[in-house]
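The structure under discussion appears below in the form of structure tokens.
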Amino acid sequence: MRITTKGRYALRATLALAQMGKDDENISINELSEAEDISSMFLEQIFFKLRKAGIVQSVRGPGGGFSFARPIDSITVREIFDAAGEEMTVLPCDRSINECERQSECISHQVFDSVAGMVSTYLESLTLKTVLENEEFNPPAGINA
């Protein structure tokens with residue numbers, strides 16, 4: 001599984017927003033950009049997607065910026081990756097499985113499909129609050145680490 005720069009930056013920036021934006025304070029893109037050393041133009045693109053997905057909200061003008069649209073204990077790492085446009089696949093063939101000539105006989109695909117499912121389940125169980133509180137990142141029930 002490969003997480004792109006956009007996905008990594010989306011996670012870093014949302015975690016920074018959670019740390020900096022106590023009491024629902026609006027945080028500007030420039031503040032996040034400086035804090036995380038990420039291009040403000042790149043962050044604007046990411047936060048446009050996060051806003052569209054209902055993860056963050058924005059206020060224009062003086063004192064404006066971004067804050068979370070919902071509590072951080074309800075926002076998962078998977079949601080952030082999805083909003084950023086990350087594809088949660090293990091192999092390139094996962095993306096075009098309907099075009100695969102070997103789909104019905106490919107045992108290895110079943111293995112990688114299972115791995116992708118486990119990763120997805122884990123990321124869906126991991127909230128921003130969990131990450132920020134440094135709780136132990138235990139896998140969901142039924143998945144042995």
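Labeling convention for the structure tokens: chains A, B, ... as they appear, residues from 1 per chain, ligands from 1 in order of appearance.
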
Excluding segment 2-7 of chain A and any residue of its chain fewer than 4 positions from it, enumerate the residues within 9 Å of it, using only C-alpha atoms, and give them as a PyMOL selection string.
chain A and resi 11-12+42-43+46+80-90

List the spatial neighbours of Ile29 of chain A as a VMD selection string - criterion: any atom at most 10 Å away, only C-alpha atoms, same-chain residues fewer than 5 positions off excluded.
chain A and resid 13 17 34 to 35 38 to 44 47 64 to 66

Keeping only C-alpha atoms, write the selected residues to a file as a PDB file, in the first residue's frame.
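Result file part08.pdb:
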```
ATOM      1  CA  ALA A  13      -2.380  18.999   8.665  1.00  0.00           C
ATOM      2  CA  LEU A  17      -5.347  21.669  13.178  1.00  0.00           C
ATOM      3  CA  GLU A  34       4.278  27.270   8.805  1.00  0.00           C
ATOM      4  CA  ALA A  35       3.661  24.749  11.567  1.00  0.00           C
ATOM      5  CA  ILE A  38       3.884  22.367   3.845  1.00  0.00           C
ATOM      6  CA  SER A  39       3.194  24.660   0.891  1.00  0.00           C
ATOM      7  CA  SER A  40       0.131  26.816   1.602  1.00  0.00           C
ATOM      8  CA  MET A  41      -1.064  26.321  -1.978  1.00  0.00           C
ATOM      9  CA  PHE A  42      -0.895  22.544  -1.541  1.00  0.00           C
ATOM     10  CA  LEU A  43      -2.721  22.787   1.800  1.00  0.00           C
ATOM     11  CA  GLU A  44      -5.468  24.866   0.190  1.00  0.00           C
ATOM     12  CA  PHE A  47      -8.451  21.520   2.705  1.00  0.00           C
ATOM     13  CA  GLY A  64     -11.152  33.247   9.666  1.00  0.00           C
ATOM     14  CA  GLY A  65      -9.600  29.944   8.866  1.00  0.00           C
ATOM     15  CA  PHE A  66     -10.461  26.292   9.319  1.00  0.00           C
TER      16      PHE A  66
END
```

Counting only C-alpha atoms, what is within 12 Å of Val131 of chain A, bar same-chain residues fewer than 4 positions away, as an NGL selection string?
:A and (11-12 or 14-16 or 18-19 or 72-73 or 75-77 or 123 or 125-127 or 135-138)

Give me a file of those residues, with C-alpha atoms, as a PDB file, in the first residue's frame.
```pdb
ATOM      1  CA  LEU A  11      -3.173  13.602   7.965  1.00  0.00           C
ATOM      2  CA  ARG A  12      -0.371  15.834   9.277  1.00  0.00           C
ATOM      3  CA  THR A  14      -5.557  17.687  10.305  1.00  0.00           C
ATOM      4  CA  LEU A  15      -3.572  16.575  13.336  1.00  0.00           C
ATOM      5  CA  ALA A  16      -1.929  20.024  13.491  1.00  0.00           C
ATOM      6  CA  ALA A  18      -6.604  19.574  16.094  1.00  0.00           C
ATOM      7  CA  GLN A  19      -3.610  20.552  18.223  1.00  0.00           C
ATOM      8  CA  ILE A  72     -12.338  14.726  16.345  1.00  0.00           C
ATOM      9  CA  ASP A  73     -13.397  11.495  18.021  1.00  0.00           C
ATOM     10  CA  ILE A  75     -13.159  11.636  12.301  1.00  0.00           C
ATOM     11  CA  THR A  76     -11.156   8.624  11.189  1.00  0.00           C
ATOM     12  CA  VAL A  77      -7.804   8.388   9.474  1.00  0.00           C
ATOM     13  CA  LEU A 123      -7.804   2.976   9.560  1.00  0.00           C
ATOM     14  CA  SER A 125     -11.099   2.407  13.746  1.00  0.00           C
ATOM     15  CA  LEU A 126      -8.359   4.999  14.245  1.00  0.00           C
ATOM     16  CA  THR A 127      -9.714   8.470  15.064  1.00  0.00           C
ATOM     17  CA  GLU A 135      -3.417   5.695  22.728  1.00  0.00           C
ATOM     18  CA  GLU A 136      -1.926   2.414  21.735  1.00  0.00           C
ATOM     19  CA  PHE A 137      -2.783   1.732  18.116  1.00  0.00           C
ATOM     20  CA  ASN A 138      -4.240  -1.714  18.576  1.00  0.00           C
TER      21      ASN A 138
END
```

If you run DSSP on the backbone here, which positions in chain A get alpha helix (DSSP H)? Please write them as a PyMOL selection string.
chain A and resi 5-20+29-36+40-52+77-84+107-125+128-132

I'd like the interatomic distance between atom CA of Arg51 of chain A and atom CA of Phe68 of chain A, to a tenth of an Å.
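Between atom CA of Arg51 of chain A and atom CA of Phe68 of chain A the gap works out to 8.9 Å.
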
Just give me the gap between atom CA of Glu79 of chain A and atom CA of Ser58 of chain A in Å, one decimal is fine.
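Distance between the two atoms: 18.1 Å.
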